[in-house]
Structures are given as C-alpha cells and as structure tokens.
file coords.csv (CSV, C-alpha atoms)
chain,number,residue,atom,x,y,z
M,8,MET,CA,4.3,21.4,8.5
M,9,PRO,CA,2.0,20.7,5.5
M,10,TYR,CA,2.1,17.4,3.8
M,11,LYS,CA,4.1,17.3,0.6
M,12,ILE,CA,2.4,15.7,-2.4
M,13,LEU,CA,4.3,15.0,-5.6
M,14,VAL,CA,1.9,15.1,-8.6
M,15,VAL,CA,3.2,13.5,-11.8
M,16,GLU,CA,1.0,14.2,-14.7
M,17,ASP,CA,1.7,15.3,-18.3
M,18,ASP,CA,-1.8,16.6,-19.0
M,19,GLU,CA,-1.4,20.4,-18.3
M,20,THR,CA,-5.1,21.0,-17.7
M,21,LEU,CA,-5.4,18.0,-15.3
M,22,LEU,CA,-2.2,18.9,-13.6
M,23,GLU,CA,-3.4,22.5,-12.9
M,24,MET,CA,-6.7,21.2,-11.6
M,25,LEU,CA,-5.0,18.8,-9.2
M,26,GLN,CA,-2.5,21.4,-8.0
M,27,TYR,CA,-5.2,23.9,-7.4
M,28,ASN,CA,-7.5,21.6,-5.4
M,29,LEU,CA,-4.6,20.0,-3.4
M,30,GLU,CA,-3.3,23.5,-2.4
M,31,ARG,CA,-6.8,24.5,-1.3
M,32,GLN,CA,-6.5,21.6,1.2
M,33,SER,CA,-3.2,23.2,2.5
M,34,TYR,CA,-1.0,20.6,0.9
M,35,GLU,CA,2.4,21.5,-0.5
M,36,VAL,CA,2.4,20.4,-4.1
M,37,ILE,CA,5.4,19.4,-6.1
M,38,ILE,CA,4.9,18.8,-9.8
M,39,ALA,CA,6.6,16.7,-12.5
M,40,VAL,CA,5.5,16.2,-16.1
M,41,ASP,CA,7.6,13.2,-17.1
M,42,GLY,CA,8.9,10.0,-15.5
M,43,ARG,CA,12.6,11.0,-15.2
M,44,SER,CA,11.9,14.3,-13.4
M,45,ALA,CA,9.4,12.4,-11.2
M,46,VAL,CA,12.1,10.1,-10.0
M,47,ARG,CA,14.5,12.9,-9.4
M,48,LYS,CA,12.1,15.2,-7.6
M,49,ALA,CA,10.8,12.3,-5.4
M,50,LYS,CA,14.4,11.6,-4.2
M,51,GLU,CA,15.2,15.2,-3.7
M,52,LYS,CA,11.9,16.4,-2.0
M,53,SER,CA,10.9,13.2,-0.1
M,54,PRO,CA,7.1,13.7,-0.5
M,55,ASP,CA,4.6,12.2,1.9
M,56,LEU,CA,2.4,10.9,-1.0
M,57,ILE,CA,2.7,10.5,-4.7
M,58,LEU,CA,0.0,10.9,-7.4
M,59,LEU,CA,1.4,9.1,-10.4
M,60,ASP,CA,0.0,9.0,-13.9
M,61,VAL,CA,0.6,5.7,-15.8
M,62,MET,CA,1.0,7.2,-19.3
M,63,LEU,CA,4.1,9.4,-19.1
M,64,PRO,CA,6.9,10.5,-21.5
M,65,GLU,CA,10.4,9.2,-21.0
M,66,LEU,CA,9.5,6.7,-18.2
M,67,ASP,CA,6.0,5.4,-17.8
M,68,GLY,CA,4.3,5.5,-14.4
M,69,LEU,CA,4.7,1.8,-13.8
M,70,GLU,CA,8.5,2.0,-14.2
M,71,VAL,CA,8.6,5.1,-12.0
M,72,CYS,CA,6.6,3.3,-9.4
M,73,ARG,CA,9.0,0.3,-9.5
M,74,ILE,CA,12.1,2.5,-9.1
M,75,LEU,CA,10.7,4.6,-6.3
M,76,ARG,CA,9.3,1.7,-4.3
M,77,LYS,CA,12.8,0.4,-3.8
M,78,GLU,CA,13.8,3.6,-2.0
M,79,LEU,CA,10.7,5.4,-0.7
M,80,ASN,CA,8.0,4.0,1.7
M,81,VAL,CA,5.3,6.5,0.9
M,82,PRO,CA,1.8,5.9,-0.5
M,83,ILE,CA,1.6,5.9,-4.3
M,84,ILE,CA,-1.7,6.4,-6.0
M,85,MET,CA,-1.7,5.5,-9.7
M,86,LEU,CA,-3.8,7.7,-12.0
M,87,THR,CA,-4.8,5.7,-15.1
M,88,ALA,CA,-7.1,6.1,-18.1
M,89,ARG,CA,-6.8,2.4,-18.7
M,90,THR,CA,-9.7,0.2,-17.6
M,91,GLU,CA,-8.2,-3.2,-18.1
M,92,GLU,CA,-7.8,-5.1,-14.8
M,93,ILE,CA,-4.4,-6.4,-15.8
M,94,ASP,CA,-3.0,-2.8,-15.8
M,95,LYS,CA,-4.3,-2.2,-12.3
M,96,ILE,CA,-2.8,-5.5,-11.1
M,97,ILE,CA,0.6,-4.6,-12.6
M,98,GLY,CA,0.5,-1.3,-10.8
M,99,LEU,CA,-0.1,-3.1,-7.5
M,100,GLU,CA,2.7,-5.6,-8.3
M,101,MET,CA,5.1,-2.6,-8.9
M,102,GLY,CA,4.3,-1.4,-5.4
M,103,ALA,CA,1.4,1.0,-5.8
M,104,ASP,CA,-0.9,1.4,-2.8
M,105,ASP,CA,-4.0,2.4,-4.7
M,106,TYR,CA,-5.2,3.4,-8.1
M,107,ILE,CA,-8.0,5.6,-9.5
M,108,THR,CA,-9.3,5.5,-13.0
M,109,LYS,CA,-9.8,8.6,-15.1
M,110,PRO,CA,-12.2,10.3,-15.3
M,111,PHE,CA,-12.5,10.7,-11.6
M,112,SER,CA,-14.2,13.2,-9.3
M,113,ILE,CA,-11.8,15.5,-7.4
M,114,ARG,CA,-13.9,14.7,-4.3
M,115,GLU,CA,-13.1,11.0,-4.5
M,116,LEU,CA,-9.4,11.7,-5.2
M,117,LEU,CA,-9.1,14.0,-2.2
M,118,ALA,CA,-10.8,11.4,0.0
M,119,ARG,CA,-8.3,8.8,-1.1
M,120,VAL,CA,-5.4,11.2,-0.5
M,121,LYS,CA,-6.7,12.1,3.0
M,122,ALA,CA,-7.1,8.4,3.9
M,123,HIS,CA,-3.6,7.5,2.8
M,124,LEU,CA,-2.1,10.5,4.6
M,125,ARG,CA,-4.0,9.5,7.7
M,126,ARG,CA,-2.2,6.2,7.5
M,127,VAL,CA,1.2,8.0,7.3
M,128,GLU,CA,0.3,10.1,10.4
M,129,LEU,CA,-0.7,6.9,12.3
M,130,ILE,CA,2.6,5.3,11.4
M,131,ARG,CA,4.5,8.4,12.5
M,132,GLU,CA,2.7,8.5,15.8
M,133,GLU,CA,3.4,4.8,16.4
M,134,VAL,CA,7.1,5.4,15.7
M,135,GLU,CA,7.2,8.4,18.0
M,136,SER,CA,5.4,6.5,20.7
M,137,GLU,CA,8.0,3.7,20.6
M,138,ARG,CA,10.8,6.2,20.8
M,139,GLU,CA,9.4,7.9,23.8
M,140,THR,CA,8.9,4.5,25.7
M,141,GLU,CA,12.3,3.1,24.8
M,142,SER,CA,14.5,2.3,27.9
M,143,PRO,CA,17.6,0.2,28.3
M,144,ALA,CA,15.8,-1.6,31.2
M,145,VAL,CA,12.7,-2.5,29.1
M,146,ASN,CA,12.6,-5.5,26.7
M,147,LEU,CA,10.9,-4.2,23.6
M,148,GLU,CA,11.2,-7.5,21.7
M,149,LYS,CA,7.9,-8.5,20.1
M,150,PRO,CA,6.8,-12.2,20.1
M,151,ILE,CA,7.1,-14.7,17.3
M,152,LEU,CA,3.8,-15.9,16.1
M,153,GLU,CA,3.9,-19.6,15.3
M,154,PHE,CA,1.4,-21.6,13.2
M,155,GLY,CA,2.9,-25.1,12.6
M,156,ASN,CA,5.8,-24.6,10.3
M,157,LEU,CA,4.9,-20.9,9.7
M,158,LYS,CA,6.5,-18.4,11.9
M,159,ILE,CA,6.0,-14.6,11.9
M,160,ASP,CA,8.8,-12.6,13.6
M,161,GLU,CA,7.0,-9.4,14.6
M,162,ASN,CA,10.2,-7.7,15.8
M,163,ARG,CA,12.1,-8.3,12.5
M,164,ARG,CA,8.9,-8.2,10.3
M,165,GLU,CA,10.0,-11.5,8.7
M,166,VAL,CA,8.2,-14.7,7.9
M,167,TYR,CA,9.6,-18.2,7.9
M,168,ILE,CA,8.4,-21.6,6.7
M,169,ASP,CA,10.3,-24.6,7.9
M,170,GLY,CA,12.9,-22.2,9.1
M,171,MET,CA,13.5,-20.7,5.7
M,172,PRO,CA,12.8,-16.9,5.2
M,173,ILE,CA,9.9,-16.1,2.8
M,174,ARG,CA,10.3,-12.8,0.9
M,175,LEU,CA,7.2,-10.7,1.3
M,176,LYS,CA,6.4,-7.2,0.1
M,177,PRO,CA,5.6,-4.8,2.9
M,178,LYS,CA,1.9,-4.8,2.3
M,179,GLU,CA,1.9,-8.6,2.0
M,180,TYR,CA,3.5,-8.8,5.4
M,181,GLU,CA,1.0,-6.4,6.9
M,182,LEU,CA,-1.9,-8.3,5.5
M,183,LEU,CA,-0.6,-11.7,6.8
M,184,HIS,CA,0.2,-10.2,10.2
M,185,PHE,CA,-3.3,-8.7,10.5
M,186,LEU,CA,-4.9,-12.0,9.5
M,187,ALA,CA,-2.7,-14.0,11.9
M,188,LEU,CA,-3.6,-11.7,14.8
M,189,ASN,CA,-7.2,-12.5,14.1
M,190,LYS,CA,-6.8,-16.2,13.6
M,191,GLY,CA,-10.2,-18.0,13.3
M,192,VAL,CA,-12.1,-14.8,12.7
M,193,ALA,CA,-14.0,-14.2,9.4
M,194,LEU,CA,-12.8,-10.7,8.2
M,195,SER,CA,-14.6,-8.7,5.5
M,196,ARG,CA,-12.7,-7.3,2.6
M,197,ASN,CA,-13.7,-3.7,3.7
M,198,LEU,CA,-12.4,-4.3,7.2
M,199,ILE,CA,-9.1,-5.6,5.8
M,200,LEU,CA,-8.8,-2.5,3.6
M,201,GLU,CA,-9.5,-0.2,6.6
M,202,ARG,CA,-7.0,-1.9,8.9
M,203,VAL,CA,-4.2,-2.9,6.5
M,204,TRP,CA,-4.4,-0.1,3.9
M,205,ARG,CA,-5.9,2.3,6.5
M,206,TRP,CA,-8.5,3.7,4.1
M,207,SER,CA,-12.2,3.0,3.5
M,208,TYR,CA,-13.3,2.0,0.0
M,209,ASP,CA,-16.9,1.2,-1.0
M,210,GLY,CA,-16.1,0.1,-4.5
M,211,ASN,CA,-14.0,-2.7,-6.0
M,212,SER,CA,-12.0,-4.6,-3.3
M,213,ARG,CA,-9.9,-6.3,-5.8
M,214,THR,CA,-6.8,-5.1,-4.0
M,215,VAL,CA,-7.4,-7.5,-1.1
M,216,ASP,CA,-8.0,-10.4,-3.4
M,217,VAL,CA,-4.8,-9.8,-5.4
M,218,HIS,CA,-2.7,-9.6,-2.2
M,219,VAL,CA,-4.3,-12.7,-0.8
M,220,ARG,CA,-3.5,-14.6,-4.0
M,221,TRP,CA,0.1,-13.6,-3.8
M,222,LEU,CA,0.3,-14.6,-0.1
M,223,ARG,CA,-1.2,-18.0,-0.9
M,224,GLU,CA,1.4,-18.6,-3.5
M,225,LYS,CA,4.1,-18.0,-0.9
M,226,ILE,CA,2.8,-19.7,2.3
M,227,GLU,CA,0.3,-22.3,1.1
M,228,PRO,CA,1.4,-25.9,0.3
M,229,ASP,CA,-1.1,-25.9,-2.5
M,230,PRO,CA,-2.5,-22.4,-3.3
M,231,ARG,CA,-5.4,-23.9,-5.2
M,232,GLU,CA,-6.6,-25.6,-2.1
M,233,ALA,CA,-5.9,-23.0,0.5
M,234,GLN,CA,-5.7,-24.1,4.1
M,235,ARG,CA,-4.1,-21.2,5.9
M,236,ILE,CA,-6.1,-18.3,4.3
M,237,VAL,CA,-9.6,-19.6,3.7
M,238,THR,CA,-12.1,-17.8,1.5
M,239,ILE,CA,-15.4,-17.0,3.3
M,240,ARG,CA,-17.8,-16.7,0.4
M,241,GLY,CA,-19.7,-13.4,0.4
M,242,ILE,CA,-17.6,-12.0,3.2
M,243,GLY,CA,-13.9,-12.1,2.9
M,244,TYR,CA,-11.2,-14.3,4.4
M,245,ARG,CA,-10.3,-16.2,7.6
M,246,PHE,CA,-6.8,-17.2,8.7
M,247,ASP,CA,-6.7,-20.8,10.1
M,248,GLY,CA,-3.0,-21.0,10.7
call {"tool": "encode", "arguments": {"input": "coords.csv", "output": "structure tokens"}}
result
Amino acid sequence: MPYKILVVEDDETLLEMLQYNLERQSYEVIIAVDGRSAVRKAKEKSPDLILLDVMLPELDGLEVCRILRKELNVPIIMLTARTEEIDKIIGLEMGADDYITKPFSIRELLARVKAHLRRVELIREEVESERETESPAVNLEKPILEFGNLKIDENRREVYIDGMPIRLKPKEYELLHFLALNKGVALSRNLILERVWRWSYDGNSRTVDVHVRWLREKIEPDPREAQRIVTIRGIGYRFDG
C-alpha cells in the first residue's frame, strides 16, 4: 500500500504543486486547506506523514501540531515562510519533527519526506520483528541502564532521577537513549540526526542543539555546567553518564 501524506496548505498554487509531485512519487495525498479540517482529516485518515503549513486560517499550524501530537505518532514537517529562529523552535516544542522554510526546492522537500518515511518503515519492521519473535518462554524484558542516580528503563521507555520519573517527549527519550548507549563516545550532530531522527541533513543542525538543551534542563543538576551531556566543540556531544 502507498504511504498516505496529509498536505495542509491554504495556498492553492503551492498545494497543487505539492500534490502533483507527491503523487508522482506514488504517494496517496490527502489535502486540507485550514487548521480545523486538517485535525479532522488527520484523525479520520491516519496519514503516515503530515506536511503542515504554519500560517493557516481557523487554527494555525502550530496549534494543529500541538493537537495532533497528542494522538498521532507520525512525522510532522512544518512548512513556514517565517525565518525567525524562535518560530522554528516553537514548532519543535509543539512536537514537529522537522521544518522547511519557504521558498524551498521540491527536490529538497521530497528528500525530507522520503527520509522520514524511511524512519516510519524501520519502526514498523522493528515492531513486526518483535511480534514474530515473541514467545511465552522467552523473556523480552530489556535492561535498565543506570548512571548514578539516572536510570533509563528501556522496556517502559521511562527515565528516573533519584527514583522519580522524568517526563520526556518521545524524541527527547530517543536522543537520551542513543547518547547513553554510546557513553563516552563523541558523536557528531549529523550522526545524531541520522540515528535519532533517521534522516540526513547537511544544513542547520539546530534541531539537535535544541533537544540537548531541553534534556539538560531535565537531567542535569546545573544545566549551565553540564556534566552528563558534554559539548564537544566543533563536533557535537558526548554522554558521560
């Protein structure tokens, strides 16, 4: 079955261009031209990926993203004409996985879409593999990673400090888990993007920096003097536990 992509855009010309090019790639395209219809169609159609414009009538894209992220675990790529960094950060805070600034090349957008859908396929394959190997006689419990007072329960996908649960967004958990599995290794931002977000990105790696900052605020005794997630200047980050 083809992947279903919900395109939310009120610019008719851009909407037609996106629909045409996505359908040429054999994707099934669902369209919405305002925020309220976007929420409704996303819940009804269960798309595999959402392209979401920020400036929309009735409900803006940021609010749509916030609503949908509570119910759907699918990649959301924000389309924005805004260039201010704060708008991009807000989009990430609302649960967006990626953003692309207008005007953009259709080739770049298709590459981003393909990369995110590849992540969806990998997750599906992992889930299917786990189902196939399940057996009452096999203990599928995953270990708990411990770093002093910090514990990561891989089975429950939960994090604790001093025995108290720490609320992390899904991507924050995935980032922390990846860093923890590579304790003591200096990891580049691009590698983190590839492994955690499952897509390659040669441009601004601000996404990683933003999520690291959020993690530090939640797991570091003093986020300004980070000891668990250390910055490696000119490279990226290292998890020291």
call {"tool": "residues_around", "arguments": {"input": "coords.csv", "residues": "Leu186 (chain M)", "least_positions_apart": "5", "cutoff": "12 Å", "atoms": "only C-alpha atoms", "output": "list in words"}}
result
Leu152, Ile159, Glu179, Tyr180, Glu181, Gly191, Val192, Ala193, Leu194, Ser195, Arg196, Leu198, Ile199, Leu200, Arg202, Val203, Val215, Val219, Leu222, Arg235, Ile236, Val237, Gly243, Tyr244, Arg245, Phe246, Asp247 and Gly248 of chain M
call {"tool": "closest_residue", "arguments": {"input": "coords.csv", "among": "M:Ile84, M:Arg31, M:Leu79, M:His123", "to": "Lys52 (chain M)", "atoms": "all atoms listed in the file"}}
result
M:Leu79
call {"tool": "closest_residue", "arguments": {"input": "coords.csv", "among": "M:Ala118, M:Ala39, M:His184, M:Lys225", "to": "Met171 (chain M)", "atoms": "only C-alpha atoms"}}
result
M:Lys225
call {"tool": "closest_residue", "arguments": {"input": "coords.csv", "among": "M:Ile12, M:Ile97, M:Ile57, M:Met24", "to": "Ile37 (chain M)", "atoms": "only C-alpha atoms"}}
result
M:Ile12
call {"tool": "closest_residue", "arguments": {"input": "coords.csv", "among": "M:Thr87, M:Glu165, M:Glu128, M:Pro172", "to": "Pro9 (chain M)", "atoms": "all atoms listed in the file"}}
result
M:Glu128
call {"tool": "residues_around", "arguments": {"input": "coords.csv", "residues": "Ser44 (chain M)", "least_positions_apart": "2", "cutoff": "12 Å", "atoms": "only C-alpha atoms", "output": "PyMOL selection string"}}
result
chain M and resi 13-17+37-42+46-52+63-68+71
call {"tool": "residues_around", "arguments": {"input": "coords.csv", "residues": "Asp105 (chain M)", "least_positions_apart": "6", "cutoff": "9 Å", "atoms": "only C-alpha atoms", "output": "mmCIF file with C-alpha atoms, in the frame of the given file"}}
result
data_model
loop_
_atom_site.group_PDB
_atom_site.id
_atom_site.type_symbol
_atom_site.label_atom_id
_atom_site.label_comp_id
_atom_site.auth_asym_id
_atom_site.auth_seq_id
_atom_site.Cartn_x
_atom_site.Cartn_y
_atom_site.Cartn_z
ATOM 1 C CA PRO M 82 1.800 5.900 -0.500
ATOM 2 C CA ILE M 83 1.600 5.900 -4.300
ATOM 3 C CA ILE M 84 -1.700 6.400 -6.000
ATOM 4 C CA MET M 85 -1.700 5.500 -9.700
ATOM 5 C CA LYS M 95 -4.300 -2.200 -12.300
ATOM 6 C CA GLY M 98 0.500 -1.300 -10.800
ATOM 7 C CA LEU M 99 -0.100 -3.100 -7.500
ATOM 8 C CA ARG M 119 -8.300 8.800 -1.100
ATOM 9 C CA TRP M 204 -4.400 -0.100 3.900
ATOM 10 C CA THR M 214 -6.800 -5.100 -4.000
#
call {"tool": "atom_distance", "arguments": {"input": "coords.csv", "atom1": "CA of Arg164 (chain M)", "atom2": "CA of Pro177 (chain M)"}}
result
8.8 Å
